[in-house]
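File shown here: my_file33.txt, holding compact mmCIF, C-alpha atoms.
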```
# COMPACT_ATOMS: atom_id res chain seq x y z
CA MET A 1 4.37 -29.04 -16.40
CA LEU A 2 3.54 -31.79 -18.91
CA GLN A 3 -0.23 -31.31 -18.96
CA SER A 4 -0.41 -31.17 -22.74
CA LEU A 5 1.17 -34.62 -22.99
CA PHE A 6 -1.11 -36.07 -20.33
CA SER A 7 -4.13 -34.77 -22.20
CA ALA A 8 -3.18 -37.26 -24.93
CA PHE A 9 -1.48 -40.05 -22.92
CA ASP A 10 -2.39 -41.82 -19.71
CA ARG A 11 1.18 -42.99 -19.05
CA VAL A 12 4.57 -41.58 -20.01
CA VAL A 13 7.61 -43.84 -19.61
CA VAL A 14 10.97 -42.10 -19.81
CA PHE A 15 13.81 -44.58 -20.14
CA ASP A 16 17.54 -44.84 -20.69
CA THR A 17 20.04 -47.60 -21.40
CA GLU A 18 23.70 -48.11 -20.65
CA THR A 19 25.35 -50.46 -23.12
CA THR A 20 28.63 -52.19 -23.90
CA GLY A 21 29.01 -50.15 -27.10
CA LEU A 22 27.20 -48.51 -30.00
CA GLU A 23 26.21 -51.49 -32.15
CA PHE A 24 22.66 -52.43 -31.18
CA ASP A 25 22.80 -55.78 -32.97
CA ARG A 26 26.10 -56.84 -31.37
CA ASP A 27 26.52 -54.94 -28.12
CA GLU A 28 24.35 -55.47 -25.04
CA ILE A 29 22.37 -53.44 -22.52
CA ILE A 30 24.07 -53.54 -19.12
CA GLU A 31 21.65 -51.21 -17.32
CA LEU A 32 18.03 -50.35 -18.00
CA GLY A 33 16.39 -47.54 -16.10
CA ALA A 34 12.95 -46.03 -16.53
CA VAL A 35 10.46 -43.77 -14.80
CA GLY A 36 6.72 -44.23 -15.22
CA LEU A 37 4.72 -41.01 -15.03
CA THR A 38 1.03 -40.25 -14.76
CA ALA A 39 -0.65 -36.86 -14.53
CA ALA A 40 -0.19 -37.10 -10.75
CA GLY A 41 3.60 -37.49 -11.01
CA GLU A 42 6.05 -40.38 -10.81
CA ALA A 43 4.11 -43.61 -10.38
CA ASP A 44 6.90 -46.19 -10.49
CA SER A 45 10.41 -46.79 -11.74
CA MET A 46 12.99 -49.44 -12.47
CA ASP A 47 16.77 -49.47 -12.37
CA LEU A 48 18.40 -52.80 -13.09
CA LEU A 49 21.92 -53.88 -13.89
CA ILE A 50 21.85 -56.75 -16.40
CA ARG A 51 24.34 -59.59 -16.59
CA LEU A 52 26.17 -60.09 -19.86
CA SER A 53 25.69 -63.10 -22.08
CA PRO A 54 28.28 -65.87 -21.67
CA GLY A 55 31.52 -64.95 -23.38
CA LYS A 56 30.73 -61.21 -23.53
CA ARG A 57 33.07 -58.73 -21.86
CA LEU A 58 32.53 -55.26 -20.49
CA PRO A 59 34.95 -52.86 -22.22
CA ALA A 60 37.16 -50.80 -19.93
CA PHE A 61 36.01 -47.53 -21.51
CA ILE A 62 32.41 -48.32 -20.52
CA THR A 63 33.53 -48.86 -16.92
CA ASN A 64 35.37 -45.53 -17.08
CA LEU A 65 32.25 -43.82 -18.45
CA THR A 66 29.61 -45.35 -16.19
CA GLY A 67 31.49 -46.64 -13.17
CA ILE A 68 29.90 -50.06 -13.73
CA THR A 69 32.41 -52.88 -13.31
CA PRO A 70 32.32 -56.51 -14.48
CA GLU A 71 32.28 -57.60 -10.84
CA GLN A 72 29.28 -55.37 -10.16
CA LEU A 73 27.38 -56.87 -13.09
CA ASP A 74 28.11 -60.37 -11.82
CA ARG A 75 27.18 -59.51 -8.24
CA GLU A 76 24.18 -57.20 -8.69
CA GLY A 77 22.97 -57.87 -12.23
CA VAL A 78 19.76 -59.70 -13.07
CA ASP A 79 19.18 -61.97 -16.04
CA LYS A 80 17.84 -60.46 -19.24
CA GLU A 81 14.37 -62.01 -18.95
CA THR A 82 13.86 -60.50 -15.50
CA ALA A 83 14.78 -57.04 -16.83
CA CYS A 84 12.53 -57.57 -19.86
CA ASP A 85 9.57 -58.41 -17.61
CA ALA A 86 10.23 -55.39 -15.39
CA PHE A 87 10.23 -53.04 -18.36
CA CYS A 88 7.07 -54.51 -19.84
CA ARG A 89 5.28 -54.08 -16.51
CA LEU A 90 5.83 -50.32 -16.72
CA LEU A 91 3.54 -50.25 -19.75
CA GLU A 92 0.93 -52.69 -18.48
CA GLY A 93 -2.58 -51.29 -18.31
CA ALA A 94 -1.76 -48.15 -20.25
CA GLU A 95 -4.31 -47.44 -22.96
CA ARG A 96 -2.41 -44.48 -24.39
CA PRO A 97 1.31 -44.85 -23.57
CA LEU A 98 4.19 -42.63 -24.61
CA LEU A 99 7.84 -43.73 -24.60
CA VAL A 100 10.47 -41.00 -24.23
CA ALA A 101 14.25 -41.05 -24.31
CA TYR A 102 17.10 -38.65 -24.95
CA ASN A 103 18.41 -39.88 -28.31
CA ALA A 104 15.49 -42.26 -28.61
CA GLN A 105 16.69 -43.72 -31.91
CA PHE A 106 19.68 -45.24 -30.10
CA ASP A 107 17.78 -46.51 -27.07
CA LEU A 108 14.82 -47.89 -29.01
CA ASN A 109 17.09 -49.87 -31.32
CA PHE A 110 18.82 -51.46 -28.34
CA LEU A 111 15.49 -52.03 -26.60
CA TYR A 112 14.02 -53.77 -29.65
CA TYR A 113 16.92 -56.24 -29.85
CA PHE A 114 16.78 -56.73 -26.09
CA LEU A 115 13.06 -57.59 -26.04
CA ARG A 116 12.99 -59.70 -29.20
CA PRO A 117 14.41 -63.00 -27.82
CA PHE A 118 11.61 -63.07 -25.23
CA GLY A 119 8.79 -62.41 -27.70
CA CYS A 120 8.07 -59.03 -26.15
CA VAL A 121 8.60 -56.60 -29.03
CA ASP A 122 4.84 -56.09 -29.28
CA VAL A 123 5.12 -53.90 -26.19
CA LEU A 124 6.70 -51.32 -28.54
CA ARG A 125 3.75 -51.30 -30.93
CA ALA A 126 1.25 -49.51 -28.68
CA PRO A 127 3.27 -46.46 -27.56
CA ARG A 128 4.02 -43.36 -29.50
CA PHE A 129 7.57 -42.05 -29.28
CA LEU A 130 9.17 -38.77 -28.30
CA ASP A 131 12.85 -37.97 -28.70
CA ALA A 132 13.94 -35.29 -26.23
CA LEU A 133 17.19 -34.81 -28.19
CA THR A 134 15.26 -33.82 -31.31
CA VAL A 135 13.38 -31.19 -29.30
CA TYR A 136 16.56 -29.88 -27.71
CA ARG A 137 18.36 -29.58 -31.06
CA ASP A 138 15.53 -27.28 -32.16
CA ARG A 139 15.97 -25.12 -29.07
CA ARG A 140 19.72 -24.69 -28.56
CA ASP A 141 22.97 -24.59 -30.50
CA TYR A 142 25.53 -27.40 -30.62
CA PRO A 143 26.72 -29.29 -28.55
CA HIS A 144 23.68 -31.43 -27.81
CA LYS A 145 24.64 -33.98 -25.18
CA LEU A 146 22.31 -34.47 -22.22
CA GLU A 147 24.83 -32.74 -19.97
CA ASN A 148 24.68 -29.70 -22.27
CA ALA A 149 20.88 -29.64 -22.07
CA ILE A 150 20.99 -29.85 -18.27
CA GLU A 151 23.37 -26.89 -18.16
CA ALA A 152 21.45 -24.85 -20.74
CA TYR A 153 18.22 -25.10 -18.74
CA GLY A 154 19.88 -24.50 -15.37
CA LEU A 155 18.98 -27.93 -14.01
CA GLY A 156 22.35 -28.77 -12.51
CA ALA A 157 21.17 -28.49 -8.90
CA THR A 158 18.66 -31.32 -9.27
CA ALA A 159 19.51 -33.22 -12.48
CA VAL A 160 22.69 -35.06 -13.31
CA ASN A 161 23.99 -36.78 -16.44
CA SER A 162 25.77 -39.52 -14.53
CA HIS A 163 25.74 -42.10 -17.35
CA ARG A 164 23.65 -44.28 -15.06
CA ALA A 165 20.31 -45.20 -16.56
CA VAL A 166 17.71 -44.13 -14.02
CA ASP A 167 19.60 -40.91 -13.20
CA ASP A 168 19.64 -39.97 -16.87
CA ALA A 169 15.97 -40.91 -17.24
CA ARG A 170 15.03 -38.63 -14.34
CA ALA A 171 17.22 -35.87 -15.77
CA THR A 172 15.30 -36.25 -19.04
CA VAL A 173 12.01 -35.85 -17.17
CA GLN A 174 13.24 -32.55 -15.73
CA LEU A 175 14.45 -31.47 -19.15
CA LEU A 176 11.03 -32.22 -20.69
CA GLU A 177 9.36 -30.12 -18.00
CA ALA A 178 11.77 -27.24 -18.63
CA MET A 179 11.30 -27.38 -22.40
CA ALA A 180 7.51 -27.54 -22.02
CA ALA A 181 7.61 -24.50 -19.74
CA GLU A 182 9.68 -22.65 -22.34
CA ARG A 183 7.41 -23.55 -25.27
CA ASP A 184 4.63 -26.08 -24.96
CA ASP A 185 4.94 -27.71 -28.37
CA LEU A 186 6.23 -31.15 -27.38
CA ALA A 187 3.24 -32.80 -29.06
CA GLY A 188 4.55 -31.55 -32.40
CA TYR A 189 7.52 -33.90 -32.05
CA LEU A 190 5.56 -37.11 -31.49
CA ASP A 191 6.95 -39.86 -33.73
CA LEU A 192 9.28 -37.32 -35.36
CA PHE A 193 13.03 -37.86 -35.07
CA GLY A 194 15.62 -35.47 -36.40
CA TYR A 195 19.01 -36.60 -37.64
CA PRO A 196 22.22 -34.76 -38.60
CA PRO A 197 22.25 -34.40 -42.40
CA LYS A 198 26.00 -35.03 -42.49
CA TYR A 199 25.73 -38.46 -40.87
CA GLY A 200 22.26 -39.70 -41.76
CA ILE A 201 20.04 -41.96 -39.68
CA SER A 202 21.79 -44.39 -37.36
CA GLY A 203 20.43 -47.87 -36.76
CA ARG A 204 17.23 -49.46 -37.97
CA ARG A 205 14.43 -47.15 -39.03
CA ILE A 206 11.28 -47.44 -36.93
CA ALA A 207 8.12 -47.92 -38.96
CA SER A 208 5.94 -45.52 -36.95
CA VAL A 209 8.55 -42.75 -36.88
CA SER A 210 9.02 -40.00 -39.44
CA TYR A 211 12.62 -38.90 -39.94
CA ARG A 212 13.75 -35.43 -41.02
CA PRO A 213 17.23 -33.99 -41.51
CA GLN A 214 17.86 -31.49 -38.71
CA PRO A 215 20.69 -29.07 -39.42
CA TYR A 216 22.25 -27.16 -36.52
CA ASP A 217 21.13 -23.77 -37.85
CA ARG A 218 17.38 -24.38 -37.70
CA THR A 219 15.10 -21.36 -38.06
CA VAL A 220 11.73 -23.09 -37.66
CA PRO A 221 10.70 -26.11 -35.56
CA LEU A 222 11.34 -29.42 -37.25
CA TYR A 223 7.64 -30.27 -37.33
CA ARG A 224 6.91 -27.20 -39.48
CA GLY A 225 9.37 -27.72 -42.27
CA GLY A 226 11.19 -30.29 -44.35
CA THR A 227 10.17 -33.56 -45.84
CA CYS A 228 9.77 -36.80 -43.93
CA ASP A 229 11.49 -40.08 -44.66
CA LYS A 230 9.41 -43.04 -43.51
CA PHE A 231 10.70 -46.56 -43.39
CA VAL A 232 9.17 -49.89 -42.52
CA ASN A 233 11.38 -52.00 -40.30
CA PHE A 234 10.00 -52.62 -36.82
```
Let me see whether you can do it: turn the structure in this file into structure tokens.
Amino acid sequence: MLQSLFSAFDRVVVFDTETTGLEFDRDEIIELGAVGLTAAGEADSMDLLIRLSPGKRLPAFITNLTGITPEQLDREGVDKETACDAFCRLLEGAERPLLVAYNAQFDLNFLYYFLRPFGCVDVLRAPRFLDALTVYRDRRDYPHKLENAIEAYGLGATAVNSHRAVDDARATVQLLEAMAAERDDLAGYLDLFGYPPKYGISGRRIASVSYRPQPYDRTVPLYRGGTCDKFVNF
């Protein structure tokens, strides 16, 4: 279903994060899940709970959302460097990698700050980026959560938005396949992130990404209209 992407990339890594909050420079990743794809299908995956830094606490509303408890992080979580190494291994050996997430601006900002203490941010320089949320906002009306996309494409029997990282990553894979089957223009969204004009761009701007305002009442695909805002940050 994703042949057009695999004609340009030898590895596609779809990933998701669960975090302690929304502030990428203050909050922390508590779960990192990813699925590595080749043209033959799923090649490998990772799903790791990550222990918090000393003195950090897991907010109760995150436990209510994800089901992850402080005790579970202490018991099953790995240290940050172990999770960093596991993620980097997913991209090893790829000459033409693509990184995908649903709301990639959010996840990439967290991932950058997660990798930086270990000197691993260069792993983000080789891939191109695809935001499945940007594609979905071009296809369907508001609301635009992952659970809405799963319902809109009739994926509820096999995909679930559980707010657990690897589940949501695999749901995003199925969503990509469904959107490609509907209209095979995913390549038009490479390194192109839409943002709500009312709220602007959240987080740090990514140097290799072009940003365009994406109103809810779009009449043409984002890649065909509008002006791009490019920023140099990371």
>> List as a list in words the residues having at least one atom at most 9 Å from position (11.9, -53.2, -14.8) as given in the file, counting all atoms listed in the file.
In response: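 The answer, in the requested form, is Leu32, Gly33, Ala34, Ser45, Met46, Asp47, Leu48, Thr82, Ala83, Cys84, Asp85, Ala86, Phe87, Cys88, Arg89 and Leu90 of chain A.
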> So which one's closest to Leu130 in chain A, A:Val12, A:Gln72, A:Ser202, A:Thr19? Using all atoms listed in the file, please.
Replying inline: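 Ranking A:Val12, A:Gln72, A:Ser202, A:Thr19 by distance to Leu130 in chain A, first place goes to A:Val12.
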> Do you know which residues are at most 12 Å from Ala165 in chain A counting all atoms listed in the file, after dropping those on the same chain fewer than 4 positions away, and could you put them as an MDAnalysis selection string?
Replying inline: chainID A and resid 14:19 29:35 45:50 66:68 101:102 107 160:161 169:172
Produce a file of the selected residues containing C-alpha atoms, as a short mmCIF file (atom, residue, chain, number, x, y, z; two decimals), in the coordinates of the input.
```
data_model
loop_
_atom_site.label_atom_id
_atom_site.label_comp_id
_atom_site.auth_asym_id
_atom_site.auth_seq_id
_atom_site.Cartn_x
_atom_site.Cartn_y
_atom_site.Cartn_z
CA VAL A 14 10.97 -42.10 -19.81
CA PHE A 15 13.81 -44.58 -20.14
CA ASP A 16 17.54 -44.84 -20.69
CA THR A 17 20.04 -47.60 -21.40
CA GLU A 18 23.70 -48.11 -20.65
CA THR A 19 25.35 -50.46 -23.12
CA ILE A 29 22.37 -53.44 -22.52
CA ILE A 30 24.07 -53.54 -19.12
CA GLU A 31 21.65 -51.21 -17.32
CA LEU A 32 18.03 -50.35 -18.00
CA GLY A 33 16.39 -47.54 -16.10
CA ALA A 34 12.95 -46.03 -16.53
CA VAL A 35 10.46 -43.77 -14.80
CA SER A 45 10.41 -46.79 -11.74
CA MET A 46 12.99 -49.44 -12.47
CA ASP A 47 16.77 -49.47 -12.37
CA LEU A 48 18.40 -52.80 -13.09
CA LEU A 49 21.92 -53.88 -13.89
CA ILE A 50 21.85 -56.75 -16.40
CA THR A 66 29.61 -45.35 -16.19
CA GLY A 67 31.49 -46.64 -13.17
CA ILE A 68 29.90 -50.06 -13.73
CA ALA A 101 14.25 -41.05 -24.31
CA TYR A 102 17.10 -38.65 -24.95
CA ASP A 107 17.78 -46.51 -27.07
CA VAL A 160 22.69 -35.06 -13.31
CA ASN A 161 23.99 -36.78 -16.44
CA ALA A 169 15.97 -40.91 -17.24
CA ARG A 170 15.03 -38.63 -14.34
CA ALA A 171 17.22 -35.87 -15.77
CA THR A 172 15.30 -36.25 -19.04
#
```
> Hey, which of A:Leu146, A:Ala39, A:Leu222, A:Ala60 ends up closest to Leu186 in chain A? Count all atoms listed in the file.
Replying inline: A:Leu222
Calculate, to one decimal in Å, the centre and edge lengths of the box along x, y and z of the file that holds all listed atoms of range 171-176 of chain A with 6 Å of margin on each side, and present them as lines of an AutoDock Vina configuration file.
```
center_x = 14.1
center_y = -33.9
center_z = -18.2
size_x = 18.2
size_y = 16.8
size_z = 17.0
```
> In Å to one decimal, how far is CA of Leu91 in chain A from CA of Val123 in chain A?
Replying inline: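 Going from CA of Val123 in chain A over to CA of Leu91 in chain A covers 7.6 Å.
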> When you draw a straight line from CA of Arg11 in chain A to CA of Gln174 in chain A, how long is it in Å?
Replying inline: 16.3 Å
> What is the CA of Val78 in chain A to CA of Phe114 in chain A distance in Å?
Replying inline: 13.7 Å
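When only C-alpha atoms are used to compute distances to Tyr223 in chain A, the closest of the residues A:Thr134, A:Tyr142, A:Arg204, A:Leu175 turns out to be A:Thr134.
Checking A:Val166, A:Leu58, A:Ala178, A:Val13 one by one against Asp27 in chain A, counting only C-alpha atoms, you find the shortest gap at A:Leu58.
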> When distances are computed from only C-alpha atoms, which of A:Tyr136, A:Phe24, A:Asn64, A:Pro97 shows the smallest separation from Asn148 in chain A?
Replying inline: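 Counting only C-alpha atoms, the residue closest to Asn148 in chain A is A:Tyr136.
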